[in-house]
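Just final-v1.cif here, mmCIF, C-alpha atoms:
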data_structure
#
loop_
_atom_site.group_PDB
_atom_site.id
_atom_site.type_symbol
_atom_site.label_atom_id
_atom_site.label_comp_id
_atom_site.auth_asym_id
_atom_site.auth_seq_id
_atom_site.Cartn_x
_atom_site.Cartn_y
_atom_site.Cartn_z
ATOM 1 C CA MET A 1 0.000 0.000 0.000
ATOM 2 C CA ARG A 2 2.802 2.419 0.854
ATOM 3 C CA GLU A 3 4.243 2.250 -2.640
ATOM 4 C CA LYS A 4 0.802 2.578 -4.240
ATOM 5 C CA PHE A 5 0.110 5.837 -2.412
ATOM 6 C CA MET A 6 3.654 7.116 -2.949
ATOM 7 C CA ARG A 7 3.230 6.532 -6.687
ATOM 8 C CA MET A 8 0.142 8.759 -6.517
ATOM 9 C CA ALA A 9 2.242 11.419 -4.791
ATOM 10 C CA ILE A 10 4.863 11.017 -7.535
ATOM 11 C CA LYS A 11 2.185 11.693 -10.162
ATOM 12 C CA GLU A 12 1.364 14.906 -8.299
ATOM 13 C CA ALA A 13 5.059 15.829 -8.259
ATOM 14 C CA MET A 14 5.150 15.346 -12.026
ATOM 15 C CA ARG A 15 2.145 17.661 -12.362
ATOM 16 C CA ALA A 16 4.038 20.252 -10.326
ATOM 17 C CA ALA A 17 7.022 19.964 -12.674
ATOM 18 C CA GLU A 18 4.730 20.451 -15.679
ATOM 19 C CA GLU A 19 3.517 23.675 -14.034
ATOM 20 C CA ASP A 20 7.136 24.761 -13.419
ATOM 21 C CA GLU A 21 6.797 24.240 -9.680
ATOM 22 C CA VAL A 22 9.351 22.391 -7.564
ATOM 23 C CA PRO A 23 8.146 18.815 -8.088
ATOM 24 C CA VAL A 24 6.813 17.702 -4.745
ATOM 25 C CA GLY A 25 3.547 15.828 -4.469
ATOM 26 C CA ALA A 26 1.433 14.767 -1.513
ATOM 27 C CA VAL A 27 -1.506 12.478 -0.832
ATOM 28 C CA VAL A 28 -3.647 12.268 2.304
ATOM 29 C CA VAL A 29 -5.075 8.829 3.059
ATOM 30 C CA MET A 30 -7.731 7.881 5.612
ATOM 31 C CA ASN A 31 -8.566 4.260 6.388
ATOM 32 C CA GLY A 32 -6.815 3.094 3.241
ATOM 33 C CA LYS A 33 -8.675 5.504 0.940
ATOM 34 C CA VAL A 34 -7.313 8.603 -0.742
ATOM 35 C CA LEU A 35 -8.902 11.788 0.612
ATOM 36 C CA CYS A 36 -6.993 14.195 -1.588
ATOM 37 C CA ARG A 37 -3.913 14.850 -3.673
ATOM 38 C CA ALA A 38 -1.878 18.007 -4.038
ATOM 39 C CA HIS A 39 1.407 19.419 -5.275
ATOM 40 C CA ASN A 40 3.539 22.502 -4.767
ATOM 41 C CA ARG A 41 1.837 25.732 -5.826
ATOM 42 C CA LYS A 42 4.284 28.369 -4.540
ATOM 43 C CA GLU A 43 4.925 29.886 -7.964
ATOM 44 C CA ALA A 44 1.285 29.844 -9.072
ATOM 45 C CA ARG A 45 0.131 31.399 -5.807
ATOM 46 C CA ASN A 46 3.231 33.581 -5.386
ATOM 47 C CA ASN A 47 3.339 32.530 -1.757
ATOM 48 C CA ALA A 48 5.996 30.521 0.095
ATOM 49 C CA VAL A 49 3.512 28.554 2.217
ATOM 50 C CA PHE A 50 1.865 26.646 -0.626
ATOM 51 C CA HIS A 51 3.925 23.487 -0.265
ATOM 52 C CA ALA A 52 2.365 20.198 -1.364
ATOM 53 C CA GLU A 53 1.821 19.122 2.251
ATOM 54 C CA ILE A 54 0.039 22.351 3.192
ATOM 55 C CA GLU A 55 -2.162 22.103 0.109
ATOM 56 C CA ALA A 56 -3.006 18.460 0.892
ATOM 57 C CA ILE A 57 -3.714 19.111 4.577
ATOM 58 C CA THR A 58 -5.941 22.067 3.645
ATOM 59 C CA LYS A 59 -7.891 19.972 1.124
ATOM 60 C CA ALA A 60 -8.291 17.083 3.587
ATOM 61 C CA ALA A 61 -9.567 19.382 6.338
ATOM 62 C CA LYS A 62 -12.038 20.940 3.927
ATOM 63 C CA LYS A 63 -13.236 17.550 2.701
ATOM 64 C CA LEU A 64 -13.729 16.277 6.251
ATOM 65 C CA ASN A 65 -14.993 19.635 7.489
ATOM 66 C CA ASN A 66 -12.561 19.203 10.359
ATOM 67 C CA TRP A 67 -8.986 20.377 10.919
ATOM 68 C CA TYR A 68 -8.380 17.394 13.220
ATOM 69 C CA LEU A 69 -6.835 14.774 10.912
ATOM 70 C CA ASP A 70 -5.880 12.155 13.509
ATOM 71 C CA GLU A 71 -7.146 9.279 11.352
ATOM 72 C CA CYS A 72 -5.068 10.399 8.362
ATOM 73 C CA GLU A 73 -1.701 9.544 6.907
ATOM 74 C CA LEU A 74 0.364 11.822 4.697
ATOM 75 C CA TYR A 75 2.413 10.545 1.769
ATOM 76 C CA VAL A 76 4.858 13.056 0.324
ATOM 77 C CA THR A 77 7.681 12.710 -2.184
ATOM 78 C CA LEU A 78 10.161 14.822 -0.195
ATOM 79 C CA GLU A 79 10.817 14.892 3.533
ATOM 80 C CA PRO A 80 8.715 17.707 5.050
ATOM 81 C CA CYS A 81 10.376 20.984 6.035
ATOM 82 C CA ALA A 82 9.889 22.704 9.406
ATOM 83 C CA MET A 83 6.722 24.492 8.259
ATOM 84 C CA CYS A 84 5.141 21.317 6.918
ATOM 85 C CA ALA A 85 6.225 19.258 9.930
ATOM 86 C CA GLY A 86 4.513 21.907 12.069
ATOM 87 C CA ALA A 87 1.359 21.524 9.984
ATOM 88 C CA VAL A 88 1.500 17.751 10.550
ATOM 89 C CA ILE A 89 1.732 18.318 14.295
ATOM 90 C CA ASN A 90 -1.029 20.920 14.371
ATOM 91 C CA SER A 91 -3.409 18.885 12.212
ATOM 92 C CA ARG A 92 -2.693 15.741 14.277
ATOM 93 C CA ILE A 93 -1.810 13.533 11.299
ATOM 94 C CA LYS A 94 -0.933 10.101 12.645
ATOM 95 C CA LYS A 95 1.790 9.030 10.214
ATOM 96 C CA VAL A 96 4.028 10.593 7.573
ATOM 97 C CA TYR A 97 5.498 8.548 4.753
ATOM 98 C CA PHE A 98 8.033 10.299 2.569
ATOM 99 C CA GLY A 99 10.238 9.444 -0.374
ATOM 100 C CA ALA A 100 13.480 11.391 -0.688
ATOM 101 C CA TYR A 101 15.362 12.583 2.371
ATOM 102 C CA ASP A 102 16.170 16.286 2.512
ATOM 103 C CA PRO A 103 19.441 16.819 4.420
ATOM 104 C CA ARG A 104 19.229 20.622 4.068
ATOM 105 C CA PHE A 105 15.646 21.276 5.171
ATOM 106 C CA GLY A 106 14.124 17.956 6.262
ATOM 107 C CA CYS A 107 12.411 18.021 9.645
ATOM 108 C CA CYS A 108 11.148 14.451 9.857
ATOM 109 C CA GLY A 109 14.495 12.884 10.639
ATOM 110 C CA SER A 110 17.284 14.495 8.611
ATOM 111 C CA LEU A 111 17.959 17.941 10.052
ATOM 112 C CA TYR A 112 15.438 17.682 12.904
ATOM 113 C CA ASN A 113 12.608 15.339 13.768
ATOM 114 C CA LEU A 114 9.923 17.786 14.842
ATOM 115 C CA VAL A 115 7.039 15.354 14.462
ATOM 116 C CA ALA A 116 8.608 12.960 16.990
ATOM 117 C CA ASP A 117 9.448 15.619 19.586
ATOM 118 C CA LYS A 118 7.515 14.702 22.728
ATOM 119 C CA ARG A 119 7.537 18.323 23.892
ATOM 120 C CA PHE A 120 4.745 19.035 21.402
ATOM 121 C CA ASN A 121 1.159 18.089 22.167
ATOM 122 C CA HIS A 122 1.135 15.631 19.264
ATOM 123 C CA THR A 123 3.658 13.345 17.648
ATOM 124 C CA ALA A 124 3.448 11.456 14.386
ATOM 125 C CA GLU A 125 5.107 8.283 13.235
ATOM 126 C CA VAL A 126 7.476 8.687 10.296
ATOM 127 C CA GLU A 127 8.746 6.340 7.632
ATOM 128 C CA GLY A 128 11.119 7.728 5.059
ATOM 129 C CA GLY A 129 12.845 6.397 1.988
ATOM 130 C CA ILE A 130 9.787 5.003 0.196
ATOM 131 C CA LEU A 131 10.639 4.977 -3.514
ATOM 132 C CA ALA A 132 13.397 7.406 -2.536
ATOM 133 C CA GLU A 133 15.416 7.055 -5.731
ATOM 134 C CA GLU A 134 12.403 7.752 -7.920
ATOM 135 C CA CYS A 135 11.324 10.717 -5.804
ATOM 136 C CA GLY A 136 14.846 12.123 -5.700
ATOM 137 C CA ALA A 137 15.351 11.687 -9.449
ATOM 138 C CA ILE A 138 12.335 13.881 -10.202
ATOM 139 C CA LEU A 139 13.827 16.697 -8.137
ATOM 140 C CA THR A 140 17.332 16.211 -9.552
ATOM 141 C CA GLU A 141 16.061 16.354 -13.119
ATOM 142 C CA TYR A 142 13.915 19.416 -12.423
ATOM 143 C CA PHE A 143 16.813 21.393 -10.938
ATOM 144 C CA ARG A 144 19.204 20.207 -13.660
ATOM 145 C CA LYS A 145 16.770 21.575 -16.247
ATOM 146 C CA LYS A 146 16.384 24.877 -14.336
ATOM 147 C CA ARG A 147 20.182 25.344 -14.141
ATOM 148 C CA LYS A 148 20.497 24.631 -17.856
ATOM 149 C CA GLU A 149 17.774 27.199 -18.654
ATOM 150 C CA LYS A 150 19.512 29.762 -16.467
ATOM 151 C CA GLN A 151 22.839 29.141 -18.225
ATOM 152 C CA SER A 152 21.154 29.560 -21.627
ATOM 153 C CA GLU A 153 19.606 32.855 -20.538
ATOM 154 C CA ALA A 154 22.986 34.153 -19.339
ATOM 155 C CA LYS A 155 24.588 33.615 -22.761
#
Spell out the structure here as structure tokens.
Amino acid sequence: MREKFMRMAIKEAMRAAEEDEVPVGAVVVMNGKVLCRAHNRKEARNNAVFHAEIEAITKAAKKLNNWYLDECELYVTLEPCAMCAGAVINSRIKKVYFGAYDPRFGCCGSLYNLVADKRFNHTAEVEGGILAEECGAILTEYFRKKRKEKQSEAK
């Protein structure tokens, strides 16, 4: 099941890339069923908070008419940052599954592990590395293409 839902998140990441957004996708699952899918929308919304996780959590809360997502799991192609880990804590998501680790900004085990910090009023389980190579390759290719475009513009 983990790979099935991560593949859905990967499809969302690919949609983000097609929209010239950093290719990160997310899926919220409740009781084995997909509640919603989302991807990064920072460029489209011209706002730094529109990460895939925030978009997915917002959609799930709207669909359930409840911000309390304690029966939900989040699948995301890249390890959540501090902002998104905070959203996981505040929305009470029970488990986070992610693909690629993010050693620079990851806050579900790499740089920090905010969602496991017992000082918060909620903790979430985390499992990383699901289809990590595939998830990481999407990001690598996207940034390779962006660097190449930038070099072409500079000439």
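Here atom CA of A:Glu149 and atom CA of A:Asn40 stand 20.4 Å from one another.
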**Study point:** Ref. answer, residues at most 10 Å from (5.4, 23.2, 2.6) with all atoms listed in the file, as a PyMOL selection string
**Key:** chain A and resi 24+39-42+48-56+79-87
Review point. Do you have the atom CA of A:Leu139-atom CA of A:Glu127 distance handy?
Key: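 Spanning atom CA of A:Leu139 to atom CA of A:Glu127 is a straight-line distance of 19.5 Å.
You will find atom CA of A:Glu153 at 19.6 Å from atom CA of A:Glu19.
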Check your understanding: Once you count only C-alpha atoms, which residues end up no further than 12 Å from (2.6, 2.8, -6.2) in the file's frame, shown as an NGL selection string?
Key -> :A and (1-11 or 27 or 75 or 77 or 99 or 130-131 or 134-135)
Practice item. Could you list the residues chosen by the PyMOL selection byres ((chain A and resi 14) around 8) in this structure as a PyMOL selection string? Key: chain A and resi 10-13+15-18+23-25+138
Exercise for review: Name the closest residue to A:Thr140 among the candidates A:Cys108, A:Leu35, A:Ala116, A:Leu78; distances are taken between atoms, counting only C-alpha atoms.
Suggested key: A:Leu78
Exercise for review: Can you pull out every residue within 9 Å of A:Ile89, counting only C-alpha atoms, but drop anything in the same chain fewer than 4 positions away, and send it as a PyMOL selection string?
Suggested key: chain A and resi 84-85+93-94+114-115+120-124
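Residues in contact with A:Glu43 at up to 8 Å, not including ones fewer than 2 positions away on its chain and judged by only C-alpha atoms, are Asp20, Glu21, Arg41, Arg45, Asn46 and Asn47 of chain A.
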**Study point:** Residues near A:Lys33, cut-off 10 Å, all atoms listed in the file, skip fewer than 3 positions along chain, as a count of residues only
**Key:** 6
Practice item. Mind checking which residues fall within 7 Å of A:Val126, counting all atoms listed in the file, ignoring those fewer than 6 positions away in the same chain, and posting them as a list in words? Key: Lys95, Val96, Tyr97 and Cys108 of chain A
With C-alpha atoms retained, export the selected residues as a compact mmCIF listing (two decimals), in the frame of the given file.
# COMPACT_ATOMS: atom_id res chain seq x y z
CA LYS A 95 1.79 9.03 10.21
CA VAL A 96 4.03 10.59 7.57
CA TYR A 97 5.50 8.55 4.75
CA CYS A 108 11.15 14.45 9.86
Check your understanding: Pick from A:Gly128, A:Leu111, A:Arg92, A:Ala44: nearest to A:Trp67, with only C-alpha atoms counted?
Key ->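 Ranked by minimum distance to A:Trp67, first place goes to A:Arg92.
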I need stretch 52-133 of chain A written out with C-alpha atoms, as a tab-separated table (two decimals), in the first residue's frame; please produce it.
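File out-v4.tsv, as written:
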chain	number	residue	atom	x	y	z
A	52	ALA	CA	2.37	20.20	-1.36
A	53	GLU	CA	1.82	19.12	2.25
A	54	ILE	CA	0.04	22.35	3.19
A	55	GLU	CA	-2.16	22.10	0.11
A	56	ALA	CA	-3.01	18.46	0.89
A	57	ILE	CA	-3.71	19.11	4.58
A	58	THR	CA	-5.94	22.07	3.64
A	59	LYS	CA	-7.89	19.97	1.12
A	60	ALA	CA	-8.29	17.08	3.59
A	61	ALA	CA	-9.57	19.38	6.34
A	62	LYS	CA	-12.04	20.94	3.93
A	63	LYS	CA	-13.24	17.55	2.70
A	64	LEU	CA	-13.73	16.28	6.25
A	65	ASN	CA	-14.99	19.64	7.49
A	66	ASN	CA	-12.56	19.20	10.36
A	67	TRP	CA	-8.99	20.38	10.92
A	68	TYR	CA	-8.38	17.39	13.22
A	69	LEU	CA	-6.84	14.77	10.91
A	70	ASP	CA	-5.88	12.15	13.51
A	71	GLU	CA	-7.15	9.28	11.35
A	72	CYS	CA	-5.07	10.40	8.36
A	73	GLU	CA	-1.70	9.54	6.91
A	74	LEU	CA	0.36	11.82	4.70
A	75	TYR	CA	2.41	10.54	1.77
A	76	VAL	CA	4.86	13.06	0.32
A	77	THR	CA	7.68	12.71	-2.18
A	78	LEU	CA	10.16	14.82	-0.19
A	79	GLU	CA	10.82	14.89	3.53
A	80	PRO	CA	8.72	17.71	5.05
A	81	CYS	CA	10.38	20.98	6.04
A	82	ALA	CA	9.89	22.70	9.41
A	83	MET	CA	6.72	24.49	8.26
A	84	CYS	CA	5.14	21.32	6.92
A	85	ALA	CA	6.22	19.26	9.93
A	86	GLY	CA	4.51	21.91	12.07
A	87	ALA	CA	1.36	21.52	9.98
A	88	VAL	CA	1.50	17.75	10.55
A	89	ILE	CA	1.73	18.32	14.30
A	90	ASN	CA	-1.03	20.92	14.37
A	91	SER	CA	-3.41	18.89	12.21
A	92	ARG	CA	-2.69	15.74	14.28
A	93	ILE	CA	-1.81	13.53	11.30
A	94	LYS	CA	-0.93	10.10	12.65
A	95	LYS	CA	1.79	9.03	10.21
A	96	VAL	CA	4.03	10.59	7.57
A	97	TYR	CA	5.50	8.55	4.75
A	98	PHE	CA	8.03	10.30	2.57
A	99	GLY	CA	10.24	9.44	-0.37
A	100	ALA	CA	13.48	11.39	-0.69
A	101	TYR	CA	15.36	12.58	2.37
A	102	ASP	CA	16.17	16.29	2.51
A	103	PRO	CA	19.44	16.82	4.42
A	104	ARG	CA	19.23	20.62	4.07
A	105	PHE	CA	15.65	21.28	5.17
A	106	GLY	CA	14.12	17.96	6.26
A	107	CYS	CA	12.41	18.02	9.64
A	108	CYS	CA	11.15	14.45	9.86
A	109	GLY	CA	14.50	12.88	10.64
A	110	SER	CA	17.28	14.49	8.61
A	111	LEU	CA	17.96	17.94	10.05
A	112	TYR	CA	15.44	17.68	12.90
A	113	ASN	CA	12.61	15.34	13.77
A	114	LEU	CA	9.92	17.79	14.84
A	115	VAL	CA	7.04	15.35	14.46
A	116	ALA	CA	8.61	12.96	16.99
A	117	ASP	CA	9.45	15.62	19.59
A	118	LYS	CA	7.51	14.70	22.73
A	119	ARG	CA	7.54	18.32	23.89
A	120	PHE	CA	4.75	19.04	21.40
A	121	ASN	CA	1.16	18.09	22.17
A	122	HIS	CA	1.13	15.63	19.26
A	123	THR	CA	3.66	13.34	17.65
A	124	ALA	CA	3.45	11.46	14.39
A	125	GLU	CA	5.11	8.28	13.24
A	126	VAL	CA	7.48	8.69	10.30
A	127	GLU	CA	8.75	6.34	7.63
A	128	GLY	CA	11.12	7.73	5.06
A	129	GLY	CA	12.84	6.40	1.99
A	130	ILE	CA	9.79	5.00	0.20
A	131	LEU	CA	10.64	4.98	-3.51
A	132	ALA	CA	13.40	7.41	-2.54
A	133	GLU	CA	15.42	7.06	-5.73
